[in-house]
$ cat upload.cif   # mmCIF, C-alpha atoms
data_input
loop_
_atom_site.label_atom_id
_atom_site.label_comp_id
_atom_site.auth_asym_id
_atom_site.auth_seq_id
_atom_site.Cartn_x
_atom_site.Cartn_y
_atom_site.Cartn_z
CA MET A 244 15.32 -28.31 -1.48
CA SER A 245 12.29 -28.66 0.79
CA VAL A 246 11.72 -26.41 3.78
CA SER A 247 10.47 -27.89 7.02
CA VAL A 248 7.28 -26.70 8.70
CA GLN A 249 9.38 -25.73 11.71
CA ALA A 250 11.35 -23.29 9.54
CA PHE A 251 8.17 -21.36 8.77
CA ASP A 252 7.31 -21.27 12.49
CA ASP A 253 10.69 -19.80 13.42
CA PRO A 254 10.16 -16.31 14.91
CA ARG A 255 13.50 -15.24 13.41
CA ARG A 256 12.14 -15.93 9.95
CA ASP A 257 9.02 -13.88 10.72
CA ALA A 258 11.18 -10.99 11.92
CA LEU A 259 13.33 -11.15 8.80
CA VAL A 260 10.35 -11.15 6.45
CA ARG A 261 8.74 -8.29 8.38
CA GLN A 262 11.86 -6.13 8.22
CA ALA A 263 12.52 -7.10 4.59
CA ARG A 264 9.00 -6.06 3.65
CA ARG A 265 9.57 -2.61 5.12
CA HIS A 266 12.92 -2.19 3.36
CA PHE A 267 11.63 -3.41 0.00
CA VAL A 268 8.63 -1.08 0.19
CA GLU A 269 10.68 1.95 1.26
CA ASP A 270 13.88 1.38 -0.73
CA GLY A 271 12.83 -0.84 -3.63
CA TYR A 272 14.45 -4.15 -4.46
CA ALA A 273 17.75 -2.67 -5.65
CA GLY A 274 18.05 -0.33 -2.68
CA ALA A 275 17.27 -2.88 0.03
CA LYS A 276 20.39 -4.26 1.78
CA MET A 277 20.64 -7.60 3.51
CA GLU A 278 22.85 -6.48 6.42
CA PRO A 279 20.43 -3.81 7.77
CA ILE A 280 17.51 -6.20 7.38
CA ALA A 281 19.32 -8.82 9.48
CA ARG A 282 20.41 -6.27 12.09
CA GLU A 283 16.92 -4.80 12.51
CA ALA A 284 15.42 -8.29 12.73
CA GLY A 285 17.82 -9.04 15.57
CA VAL A 286 19.68 -11.85 13.82
CA SER A 287 23.08 -12.30 12.28
CA THR A 288 23.72 -12.03 8.56
CA ALA A 289 24.77 -15.68 8.65
CA THR A 290 21.34 -16.63 10.02
CA LEU A 291 19.65 -14.60 7.30
CA TYR A 292 21.57 -16.42 4.56
CA ALA A 293 20.90 -19.76 6.23
CA MET A 294 17.18 -19.10 5.86
CA PHE A 295 17.23 -17.24 2.54
CA GLU A 296 20.03 -18.01 0.12
CA ASN A 297 19.90 -14.57 -1.47
CA LYS A 298 17.92 -11.35 -1.73
CA ALA A 299 15.69 -12.80 -4.45
CA ALA A 300 14.58 -15.61 -2.13
CA LEU A 301 13.84 -13.11 0.63
CA PHE A 302 11.85 -10.94 -1.77
CA ALA A 303 9.85 -13.99 -2.90
CA ALA A 304 9.04 -14.79 0.75
CA VAL A 305 7.83 -11.23 1.33
CA ILE A 306 5.49 -11.36 -1.67
CA GLU A 307 4.23 -14.84 -0.80
CA GLU A 308 3.41 -13.76 2.76
CA ALA A 309 1.63 -10.63 1.51
CA SER A 310 -0.37 -12.70 -0.98
CA ALA A 311 -1.46 -15.11 1.76
CA ASP A 312 -2.43 -12.18 3.98
CA PHE A 313 -4.50 -10.63 1.19
CA ALA A 314 -6.29 -13.93 0.52
CA GLU A 315 -7.14 -14.33 4.21
CA ARG A 316 -8.58 -10.83 4.39
CA MET A 317 -10.81 -11.28 1.35
CA ALA A 318 -11.95 -14.74 2.49
CA ARG A 319 -14.06 -13.00 5.13
CA VAL A 320 -16.55 -11.77 2.52
CA LYS A 321 -16.78 -14.92 0.39
CA SER A 322 -19.72 -16.36 2.29
CA VAL A 323 -21.84 -13.19 2.21
CA ALA A 324 -25.38 -13.95 1.03
CA GLY A 325 -28.72 -12.18 0.89
CA PRO A 326 -30.46 -9.62 -1.33
CA THR A 327 -28.53 -8.25 -4.31
CA ARG A 328 -27.82 -4.67 -3.18
CA PRO A 329 -26.60 -5.39 0.37
CA ARG A 330 -24.66 -8.40 -0.88
CA LEU A 331 -22.84 -6.33 -3.51
CA ASN A 332 -22.32 -3.48 -1.04
CA SER A 333 -20.77 -5.87 1.47
CA PHE A 334 -18.36 -7.39 -1.05
CA LEU A 335 -17.39 -4.15 -2.73
CA THR A 336 -16.93 -2.25 0.56
CA ALA A 337 -14.55 -4.98 1.74
CA TYR A 338 -12.69 -4.82 -1.57
CA ALA A 339 -12.58 -1.00 -1.49
CA GLU A 340 -11.16 -1.00 2.03
CA PHE A 341 -8.62 -3.60 0.96
CA ILE A 342 -7.47 -1.84 -2.21
CA GLY A 343 -7.46 1.50 -0.39
CA ASP A 344 -5.11 0.24 2.34
CA PRO A 345 -1.72 2.02 1.97
CA PHE A 346 0.13 -1.21 2.79
CA VAL A 347 -1.75 -3.11 0.08
CA ARG A 348 -0.98 -0.38 -2.44
CA ALA A 349 2.68 -0.42 -1.44
CA ILE A 350 2.98 -4.18 -1.97
CA LEU A 351 1.13 -4.09 -5.29
CA ARG A 352 3.30 -1.17 -6.40
CA LEU A 353 6.38 -3.18 -5.45
CA VAL A 354 5.21 -6.20 -7.45
CA MET A 355 4.54 -4.02 -10.49
CA THR A 356 7.90 -2.28 -10.21
CA GLU A 357 9.84 -5.55 -10.03
CA ARG A 358 7.72 -7.47 -12.54
CA ARG A 359 10.48 -7.77 -15.14
CA ARG A 360 12.97 -9.08 -12.59
CA PHE A 361 10.44 -11.52 -11.06
CA GLU A 362 8.01 -12.19 -13.89
CA SER A 363 6.96 -15.65 -12.71
CA LEU A 364 6.43 -14.41 -9.16
CA ALA A 365 4.40 -11.44 -10.39
CA MET A 366 2.17 -13.65 -12.55
CA THR A 367 1.59 -16.06 -9.66
CA PHE A 368 0.67 -13.11 -7.45
CA TYR A 369 -1.73 -11.82 -10.13
CA GLU A 370 -3.39 -15.19 -10.70
CA ARG A 371 -3.89 -15.72 -6.99
CA ALA A 372 -5.40 -12.24 -6.57
CA LYS A 373 -7.70 -12.85 -9.54
CA GLN A 374 -8.86 -16.11 -7.98
CA ASP A 375 -9.38 -14.59 -4.53
CA PHE A 376 -11.22 -11.48 -5.70
CA GLY A 377 -12.52 -11.64 -9.26
CA THR A 378 -13.62 -15.27 -9.31
CA VAL A 379 -15.66 -14.81 -6.14
CA LEU A 380 -17.49 -11.80 -7.57
CA VAL A 381 -18.05 -13.41 -10.98
CA SER A 382 -19.57 -16.44 -9.27
CA ALA A 383 -21.87 -14.26 -7.14
CA LEU A 384 -22.98 -12.21 -10.15
CA ALA A 385 -23.71 -15.35 -12.17
CA GLU A 386 -25.82 -16.64 -9.30
CA MET A 387 -27.75 -13.35 -9.12
CA GLU A 388 -28.35 -13.49 -12.87
CA ALA A 389 -29.60 -17.09 -12.62
CA LYS A 390 -32.12 -15.92 -10.01
CA GLY A 391 -33.35 -13.22 -12.37
CA GLU A 392 -32.01 -10.35 -10.24
CA LEU A 393 -29.51 -9.09 -12.84
CA LYS A 394 -29.19 -9.13 -16.62
CA LEU A 395 -25.47 -9.15 -17.38
CA GLY A 396 -24.69 -10.99 -20.57
CA LYS A 397 -21.14 -11.73 -19.45
CA PRO A 398 -20.61 -11.79 -15.63
CA SER A 399 -16.80 -11.52 -15.94
CA TRP A 400 -17.06 -8.21 -17.83
CA ALA A 401 -19.60 -6.90 -15.34
CA ALA A 402 -17.34 -7.89 -12.44
CA SER A 403 -14.41 -6.01 -14.01
CA GLN A 404 -16.56 -2.92 -14.42
CA LEU A 405 -17.78 -3.04 -10.83
CA MET A 406 -14.32 -3.56 -9.33
CA GLY A 407 -12.84 -0.95 -11.67
CA MET A 408 -15.10 1.74 -10.23
CA VAL A 409 -13.34 1.42 -6.87
CA GLU A 410 -9.88 0.59 -8.23
CA HIS A 411 -9.57 3.87 -10.13
CA PRO A 412 -9.99 6.31 -7.20
CA LEU A 413 -8.53 4.07 -4.49
CA PHE A 414 -5.63 2.41 -6.29
CA PHE A 415 -4.81 3.82 -9.73
CA VAL A 416 -4.80 7.52 -8.83
CA PRO A 417 -2.83 7.15 -5.54
CA THR A 418 -0.36 4.81 -7.28
CA VAL A 419 0.30 7.33 -10.04
CA THR A 420 0.57 10.27 -7.62
CA GLY A 421 2.50 8.43 -4.90
CA ASP A 422 -0.41 8.79 -2.44
CA GLN A 423 -0.32 12.59 -2.83
CA VAL A 424 -3.87 12.59 -4.22
CA LEU A 425 -6.35 10.61 -2.15
CA PRO A 426 -10.14 10.50 -2.56
CA ALA A 427 -12.22 12.71 -0.29
CA ARG A 428 -14.89 10.01 0.01
CA SER A 429 -14.50 6.96 2.23
CA PRO A 430 -14.01 3.52 0.67
CA ALA A 431 -17.53 2.61 1.82
CA ALA A 432 -19.02 5.65 0.08
CA ILE A 433 -17.10 4.90 -3.13
CA ALA A 434 -18.30 1.30 -3.02
CA GLU A 435 -21.92 2.32 -2.45
CA ASP A 436 -21.84 4.77 -5.38
CA ALA A 437 -20.31 2.06 -7.58
CA VAL A 438 -23.05 -0.41 -6.66
CA ASP A 439 -25.72 2.22 -7.40
CA THR A 440 -24.20 2.82 -10.86
CA PHE A 441 -23.85 -0.91 -11.48
CA LEU A 442 -27.45 -1.70 -10.53
CA ALA A 443 -28.75 1.20 -12.62
CA ARG A 444 -27.18 -0.55 -15.59
CA TYR A 445 -27.75 -4.23 -14.80
CA ALA A 446 -30.64 -4.65 -12.35
CA VAL A 447 -33.76 -6.27 -13.79
#
$ encode --input "upload.cif" --output "structure tokens"
Amino acid sequence: MSVSVQAFDDPRRDALVRQARRHFVEDGYAGAKMEPIAREAGVSTATLYAMFENKAALFAAVIEEASADFAERMARVKSVAGPTRPRLNSFLTAYAEFIGDPFVRAILRLVMTERRRFESLAMTFYERAKQDFGTVLVSALAEMEAKGELKLGKPSWAASQLMGMVEHPLFFVPTVTGDQVLPARSPAAIAEDAVDTFLARYAV
């Protein structure tokens, strides 16, 4: 069944997705209840079910909205150009700030937790993230290599290494520890150190 454009512009829908996001992040999928979500969004349960046929549909809407938000945020650095070091610093700092955002970690953690229940949704989320982040960096690295600024061999591997240097301290460790262990350095400092290490290995 198709959904009209007006349905997506309905402020009640926005309120429901916003409250659902909070409940899913705090309580998990199993723990989130439809009635409190409707109440806190200021709508009736009947209105909730008229817009989302079940909890799975509401969860899918939450993840889709988060994915669109993430893509919009990373789109701001796609057009960055210039010399190699500042260009890499600009991209990686934006990515580090993104991946270090507690809300981003919470949504990614939620997707990972519910992957078995929503495997198709999780894979779509992953593929979109890979396109928005990894593909942009791979393309930039390939361009730098073509100009003779870098010697990479395989830009996709190099991109994974570069992104991994910020993902470990800013995403992997806080995810494992539940945000109890956070890096002392700022995302910008972590990104700058990663670029220094990367260029020490790959700069011509």
$ resolve_selection --input "upload.cif" --expression "the PyMOL selection byres ((chain A and resi 296-303) around 12)" --output "PyMOL selection string"
chain A and resi 244+256-268+271-278+280-281+288-295+304-310+350+353-354+357-358+360-365+367-368
$ residues_around --input "upload.cif" --residues "Thr378 (chain A)" --least-positions-apart "4" --cutoff "12 Å" --atoms "all atoms listed in the file" --output "number ranges by chain"
A: 317-318, 321, 370-374, 382-385, 398-403, 406
$ residues_near_point --input "upload.cif" --point "(-16.6, 2.7, -1.1)" --cutoff "10 Å" --atoms "only C-alpha atoms" --output "PyMOL selection string"
chain A and resi 332-333+335-340+343+408-409+412-413+428-438
$ residues_around --input "upload.cif" --residues "Arg444 (chain A)" --least-positions-apart "2" --cutoff "10 Å" --atoms "all atoms listed in the file" --output "VMD selection string"
chain A and resid 393 to 395 401 438 to 442 446 to 447
$ atom_distance --input "upload.cif" --atom1 "CA of Thr420 (chain A)" --atom2 "CA of Phe334 (chain A)"
26.7 Å
$ closest_residue --input "upload.cif" --among "A:Ser287, A:Gln423, A:Thr418, A:Thr327" --to "Thr356 (chain A)" --atoms "only C-alpha atoms"
A:Thr418
$ atom_distance --input "upload.cif" --atom1 "CA of Val419 (chain A)" --atom2 "CA of Phe341 (chain A)"
17.9 Å
$ atom_distance --input "upload.cif" --atom1 "CA of Arg255 (chain A)" --atom2 "CA of Gly285 (chain A)"
7.9 Å
$ closest_residue --input "upload.cif" --among "A:Phe313, A:Gly325, A:Asp253, A:Pro279" --to "Glu386 (chain A)" --atoms "only C-alpha atoms"
A:Gly325
